[in-house]
Every structure is written in structure tokens, then in C-alpha cells.
Amino acid sequence: MIPVSSNGKTEVIVFPSIKKACVDASERFLALFRQAIQVKGIFTAALSGGRTPKLLYETLAKISYKDKLDWDKVHLFQSDERCVPMDHSESNARMIREILVSRIKLPEANAHWMINNNSDWKRSAKDYERTVRKVLNAPKGIPIFDLILLGLGEDGHTASLFEGSRALYEKKRLVVPNFVPQLNSWRITYTLPLINRAKNIIFLVGGKEKKEVFSKLFDLRSQIPAKNVSPVKGNLKFLIDESVIK
Ligand code: 6PG
């Protein structure tokens with residue numbers, strides 16, 4: 001039983017396969033793009049790393065979608081990044097560039113990368129927060145993304161908000177460096193204040209290996225980082241394949 005959240009804005013949609021979930025996510029991306037363009041002429045989306053989000057970027061890069069968007073009006077951001085050079089095999093930016101950005105007509109200036117080949121992670125995070133505020137035209141308060149796309153780790157993390165890591169408890173900053181003891185490595189990540197202000201948050205979750213962690217999201221006794229994603233005013237959708245709940 002998947003309860004709808006108290007504000008009725010949380011929805012779980014089950015698909016026969018993660019591929020079909022990615023087609024639905026692409027349709028939603030397109031619809032949210034059209035809505036945003038109509039209202040303000042710009043669409044801002046923050047993309048996660050990971051195997052499942054990668055499937056969405058492959059779908060979005062297909063003719064059936066990429067030619068329907070006016071990429072000039074799209075600004076793509078990252079919701080988190082591994083602190084490695086942008087050409088490193090672990091880099092989310094490298095994956096997003098290879099799978100999506102290299103195949104669409106997105107102006108270089110509209111692709112906002114967290115690391116930008118500078119190894120001062122604190123500086124990168126501060127610069128990125130400034131960029132988010134500038135492009136989303138929110139010098140004060142909390143910028144509102146049209147869409148933040150998230151994955152769900154088997155340990156319950158999302159973006160790079162891991163159990164017990166400092167960023168999970170950050171209440172003021174929007175983008176921070178985050179040491180992840182479990183991985184013994186540094187990440188840069190959006191914080192919950194920024195994530196939870198988004199108009200639309202979509203989780204893409206697939207595979208039977210995510211069954212246990214997904215059920216924890218709706219178990220009142222459990223506490224996993226992803227459970228803190230709760231939009232202040234926006235919509236939260238979980239697009240999952242049936243193996244996640246069967
Ligand atoms: C990262 C991601 C991370 C990812 C989840 C799901 O940098 O690793 O941003 O939050 O989205 O771990 O990844 P999978 O879909 O590969 O399980």
C-alpha cells in the first residue's frame with residue numbers, strides 16, 4: 001500500500017519496465033518544458049547521475065524527443081557530482097555529456113557543470129550556488145527549479161545526500177561539498193532546502209534490488225535520506241518498474 005502524501009501531491013506510478021518509465025518521464029520532461037516556456041520562456045532542470053537516470057537521458061536524446069524541445073530555452077544543471085575530473089569514468093557530467101548533451105542542440109552556456117575541472121570542491125560548490133541563483137533569477141530566498149530528477153540508491157541516498165553525511169542536515173546552503181564516509185570520497189550535492197523547493201521532483205527507480213529501499217520510503221519506522229525529499233509546494237512523483245514492488 002503506497003500512501004499518497006498528506007498534501008496529496010505524492011504519486012507513485014508503476015510501469016511494466018524501467019524503459020517504459022523513462023518514456024513516461026520523457027513525456028513529462030517535454031510537458032514541463034512547454035509549461036515553463038509558456039510562463040517564463042526558460043525551463044530549468046537538474047539531473048542526477050546513476051544507471052537509472054542515465055536511461056532517461058538516452059530516451060530524451062532520441063529523435064522522438066530531442067527534436068521537440070527548443071534547447072535554447074533549456075538550462076540543464078546537475079543535482080550532484082562526484083569530485084573527480086570531468087573526463088573521469090565516475091563523473092556524472094561526463095555521462096550526461098556523452099549520453100545527452102552531445103546529441104542535442106543545447107547551447108554550451110546552458111549546460112551548468114558542478115566541477116568545471118577545478119579541484120577546489122568548496123569553491124566549486126559556492127560558484128555553483130551562485131550560478132543557480134543567477135540563472136533561476138533568485139538572488140535571495142530559495143531558487144525554484146522546474147524539475148529535479150533524482151535516483152534512489154540501495155542505501156537510501158538520493159543526489160549525494162548519504163546517511164550520516166553533513167549535507168543531509170544542511171538547512172541554509174543550497175549546494176555544498178559533502179564527504180561521504182561510506183565511499184571515503186567527496187561529492188558536491190544539492191541540499192534538501194533546494195531540492196524541496198522544486199516545482200516538480202521525479203524519482204526514477206528500477207530493478208528488484210531497489211525493492212527493500214523503496215518500501216522503506218513509505219515505512220513510518222524507517223529513516224533513509226531520500227525520505228526527506230518532500231516538496232514544499234511542488235509535486236513528487238515516483239516512476240518505478242513493477243519489480244520494485246512485486
Ligand atoms: C550519483 C547519483 C545517485 C544516483 C542513485 C541511483 O551520483 O550516484 O546522483 O544519487 O542517482 O545512486 O543510482 P542507480 O540508478 O545507478 O542505482
# chains A, B, ... in the order shown; residues from 1 in each chain; ligands from 1
>>> residues_around(residues="range 152-157 of chain A", least_positions_apart="3", cutoff="6 Å", atoms="only C-alpha atoms", output="VMD selection string")
chain A and resid 161 to 162 210 213 224 to 226
>>> residues_around(residues="Ala93 in chain A", least_positions_apart="4", cutoff="9 Å", atoms="only C-alpha atoms", output="ChimeraX atom specification")
/A:49,78,81-82,86-87,97-98,113-115
>>> closest_residue(among="A:Arg221, A:Arg51, A:Arg187, A:Lys66", to="ligand 1", atoms="only C-alpha atoms and all ligand atoms")
A:Arg51
>>> select_by_dssp(residues="range 152-228 of chain A", states="alpha helix (DSSP H)", output="short mmCIF file (atom, residue, chain, number, x, y, z; two decimals) with N, CA, C and O atoms, in the first residue's frame")
data_model
loop_
_atom_site.label_atom_id
_atom_site.label_comp_id
_atom_site.auth_asym_id
_atom_site.auth_seq_id
_atom_site.Cartn_x
_atom_site.Cartn_y
_atom_site.Cartn_z
N LEU A 192 18.65 19.64 0.90
CA LEU A 192 17.19 19.45 0.92
C LEU A 192 16.43 20.77 0.74
O LEU A 192 15.40 20.78 0.04
N PRO A 193 16.90 21.89 1.34
CA PRO A 193 16.15 23.14 1.10
C PRO A 193 15.99 23.46 -0.38
O PRO A 193 14.93 23.89 -0.83
N LEU A 194 17.03 23.19 -1.18
CA LEU A 194 16.93 23.49 -2.62
C LEU A 194 16.05 22.44 -3.31
O LEU A 194 15.15 22.79 -4.08
N ILE A 195 16.29 21.18 -3.02
CA ILE A 195 15.51 20.10 -3.66
C ILE A 195 14.02 20.28 -3.37
O ILE A 195 13.19 20.25 -4.27
N LYS A 211 13.83 -2.90 -4.27
CA LYS A 211 12.55 -3.24 -3.62
C LYS A 211 12.55 -2.86 -2.14
O LYS A 211 11.68 -2.15 -1.65
N GLU A 212 13.61 -3.27 -1.45
CA GLU A 212 13.65 -3.05 0.01
C GLU A 212 13.74 -1.55 0.34
O GLU A 212 12.98 -1.02 1.14
N VAL A 213 14.64 -0.89 -0.36
CA VAL A 213 14.82 0.55 -0.04
C VAL A 213 13.57 1.34 -0.43
O VAL A 213 13.17 2.27 0.27
N PHE A 214 12.91 0.93 -1.50
CA PHE A 214 11.70 1.66 -1.90
C PHE A 214 10.62 1.52 -0.84
O PHE A 214 9.96 2.49 -0.48
N SER A 215 10.49 0.32 -0.30
CA SER A 215 9.43 0.12 0.72
C SER A 215 9.74 0.97 1.97
O SER A 215 8.84 1.47 2.63
N LYS A 216 11.04 1.20 2.22
CA LYS A 216 11.40 2.00 3.41
C LYS A 216 10.92 3.45 3.28
O LYS A 216 10.66 4.13 4.26
N LEU A 217 10.77 3.89 2.02
CA LEU A 217 10.33 5.29 1.80
C LEU A 217 8.95 5.51 2.42
O LEU A 217 8.58 6.61 2.79
#
>>> closest_residue(among="A:Ala159, A:Ile148, A:Leu55, A:Ile18", to="ligand 1", atoms="only C-alpha atoms and all ligand atoms")
A:Ala159
>>> residues_around(residues="Leu174 in chain A", least_positions_apart="6", cutoff="12 Å", atoms="only C-alpha atoms", output="tab-separated table (two decimals) with C-alpha atoms, in the first residue's frame")
chain	number	residue	atom	x	y	z
A	79	SER	CA	21.86	17.85	-8.68
A	80	ASP	CA	25.09	16.21	-7.55
A	125	ALA	CA	30.07	24.39	-4.68
A	126	LYS	CA	29.99	28.12	-3.87
A	127	ASP	CA	30.32	29.04	-7.56
A	128	TYR	CA	27.57	26.61	-8.46
A	129	GLU	CA	25.19	28.01	-5.89
A	130	ARG	CA	25.85	31.45	-7.38
A	131	THR	CA	25.11	30.13	-10.87
A	132	VAL	CA	21.86	28.51	-9.72
A	133	ARG	CA	20.75	31.79	-8.15
A	138	ALA	CA	16.73	34.15	-7.29
A	140	LYS	CA	17.59	35.85	-2.31
A	141	GLY	CA	15.45	33.09	-0.86
A	142	ILE	CA	15.48	29.65	-2.43
A	143	PRO	CA	15.58	29.22	-6.24
A	144	ILE	CA	12.74	27.13	-7.66
A	167	ALA	CA	24.99	17.76	3.74
A	168	LEU	CA	21.89	15.83	4.77
A	188	ILE	CA	29.05	18.06	-4.33
A	189	THR	CA	25.30	17.99	-3.82
A	190	TYR	CA	22.10	19.99	-3.66
A	191	THR	CA	20.75	20.22	-0.14
A	192	LEU	CA	17.19	19.45	0.92
A	193	PRO	CA	16.15	23.14	1.10
A	194	LEU	CA	16.93	23.49	-2.62
A	195	ILE	CA	15.51	20.10	-3.66
A	196	ASN	CA	12.29	20.58	-1.71
A	197	ARG	CA	11.53	23.94	-3.32
>>> closest_residue(among="A:Val101, A:Val205, A:Ala45, A:Val180", to="Ala61 in chain A", atoms="only C-alpha atoms")
A:Val101
>>> closest_residue(among="A:Phe218, A:Ser64, A:Ile42, A:Gly50", to="Glu90 in chain A", atoms="only C-alpha atoms")
A:Gly50
>>> closest_residue(among="A:Phe145, A:Tyr57, A:Tyr65, A:Phe43", to="Ala198 in chain A", atoms="only C-alpha atoms")
A:Phe145
>>> closest_residue(among="A:Lys54, A:Lys172, A:Arg28, A:Lys246", to="ligand 1", atoms="only C-alpha atoms and all ligand atoms")
A:Lys54
>>> residues_around(residues="Ser26 in chain A", least_positions_apart="2", cutoff="9 Å", atoms="only C-alpha atoms", output="PyMOL selection string")
chain A and resi 21-24+28-31+56-57+59-60+65
>>> select_by_dssp(residues="range 46-230 of chain A", states="strand (DSSP E)", output="ChimeraX atom specification")
/A:46-47,74-78,80-82,147-150,175-180,185-190,200-205
